[in-house]
Amino acid sequence: MAPLAVAGDSVRADQWHLDVMHAPEMWKISKGENVTVAVIDGGFKLDHPDLTGQFLPGRDFSGSPGGVGSYKEGHGTQMASLIAGSGKSDGGKGAYGLAPGAKILPLKIANGSEGAVISADFLGQIGQAVTYAVEQGAKVINISQGTSAVTTYPEDVSKLNTILAWARAKGSLVVSSVGNSAQSGNLVEYPGALPNVVGVGAVGRDVIATAESQQGPQVILAAPGMDMIEACTGPTGYCKSHGTSDSSALVSASAALIWSVHKDWTANQILRVLINTASKPTDGSARNNDVGYGVVRPRIALTDPGDPGPADVSPVPVAEAAPSASPSASGSPSAAASPAPGSAAPSPSEVAVGAPPVEPKADKSSGSGSALPIVVGVVVGLALVAGVVFVVLRRRKVGGQTEAHVPQVGAGTPPPPPSYEPPVPPGDNPYAR
């Protein structure tokens, strides 16, 4: 059965971001061929018509039954679609990714989609997935996930920070959403706020940061993140969504497009070119806390990349990559605890994520587009021995789909991210084999 489009005569016709980013023009140069993008999320519909043949064999770190191909919601499928959707459905009128020639390495974590009980080991599972992605040769690692709830002690953040430094040293570029709570506390989310991560904010059609896109020095780049059309697990197979998760996926796809052409460039050089060719902030600054260095323009990066610069030097000052954990959007970076390389790996558990709300097209006319927060699960407890803070999981329902959020609880703010360390040898990654 042909998919139901939001407007026009095809799903592709409604993917406005591909038109403004000049995707058809870019695809004459690169479609992201021979680049693997790891997607760390809560499960994937491996047999979606627009994604068949796009997935590599993945791995499940969630501890939940069903494996990588099981899911409770469509977030992981949506991110894969935005990155590498083939558009094969309905005779080529389906949903296309920005880098349709790239391959997706699906890595499943327990991100709250499998239940309401959550814990702070979310970062530990991300660390395991990042390590596996690097070992499998993934050049780009997309983490459209985030939490402002962290352990009582900073060990999990420290371990992940060490792993991210290791991943960069091994040649991978890690991209993550910064979160969607700008209007409800703007609490710093991890892993998007850590060094060696490209934190991504969202813009609308006006190329201005969306109201929900979080602000701060952790924002390195921005990309479209409003009225997005993508493959999903809904009744029609296609959904409309918004949020920094979508924007992160587009930055990951942009990196894949460039890496496919410039195979010998390092992650630092890919990021530098993305920054140098970005559409600068509308306020005339070199960067700001809304869109970072600007909105990615992979077309310019492909046609006029300029000097990629030194291979072993990050283009992002550490201070801009590691904001304090305070809710203030303009808070200055703070000193942080040093990582603890070689410490024991955390145990598996569940945590909620900042997934964008999604709306199946079949339900588009079923009501207004406003999002009503609904508390669906509350687990309050404090495990002092393990240092785990349990938090409230709120889901926001829009057109039959849900959005998971992790609000901050307790008296204090989460510990700040660790300070940057030079790249570490593989043996210091607690999850490296």
# chains A, B, ... in the order shown; residues from 1 in each chain; ligands from 1
call {"tool": "residues_around", "arguments": {"residues": "region 23-37 of chain A", "least_positions_apart": "5", "cutoff": "7 Å", "atoms": "only C-alpha atoms", "output": "NGL selection string"}}
result
:A and (18 or 98-105 or 138-142 or 256-257 or 260-261 or 299)
call {"tool": "select_by_dssp", "arguments": {"residues": "region 162-196 of chain A", "states": "strand (DSSP E or B)", "output": "list in words"}}
result
Leu173, Val174, Val175, Ser176, Ser177 and Tyr190 of chain A
call {"tool": "residues_around", "arguments": {"residues": "Gly171 (chain A)", "least_positions_apart": "2", "cutoff": "9 Å", "atoms": "only C-alpha atoms", "output": "list in words"}}
result
Val134, Gly137, Ala138, Lys139, Trp166, Ala167, Arg168, Ala169, Leu173, Thr266, Ala267 and Asn268 of chain A
call {"tool": "closest_residue", "arguments": {"among": "A:Ala301, A:Leu274, A:Leu187, A:Ala249", "to": "Thr77 (chain A)", "atoms": "only C-alpha atoms"}}
result
A:Ala249
call {"tool": "closest_residue", "arguments": {"among": "A:Val178, A:Ile143, A:Lys45, A:Leu123", "to": "Glu155 (chain A)", "atoms": "only C-alpha atoms"}}
result
A:Leu123
call {"tool": "atom_distance", "arguments": {"atom1": "CA of Gln128 (chain A)", "atom2": "CA of Gly179 (chain A)"}}
result
21.6 Å
call {"tool": "closest_residue", "arguments": {"among": "A:Gly204, A:Pro49, A:Gly67, A:Pro106", "to": "Ser89 (chain A)", "atoms": "only C-alpha atoms"}}
result
A:Pro49
call {"tool": "atom_distance", "arguments": {"atom1": "CA of Ile40 (chain A)", "atom2": "CA of Ser158 (chain A)"}}
result
19.3 Å
call {"tool": "closest_atom_pairs", "arguments": {"of": "region 54-128 of chain A", "to": "region 235-247 of chain A", "cutoff": "8 Å", "atoms": "only C-alpha atoms", "output": "tab-separated table"}}
result
residue	atom	partner	partner_atom	distance
A:Met79	CA	A:Asp246	CA	6.5
A:Leu82	CA	A:Asp246	CA	7.2
A:Ala95	CA	A:Tyr238	CA	7.9
call {"tool": "closest_residue", "arguments": {"among": "A:Ile275, A:Leu302, A:Val203, A:Met226", "to": "Trp259 (chain A)", "atoms": "only C-alpha atoms"}}
result
A:Leu302
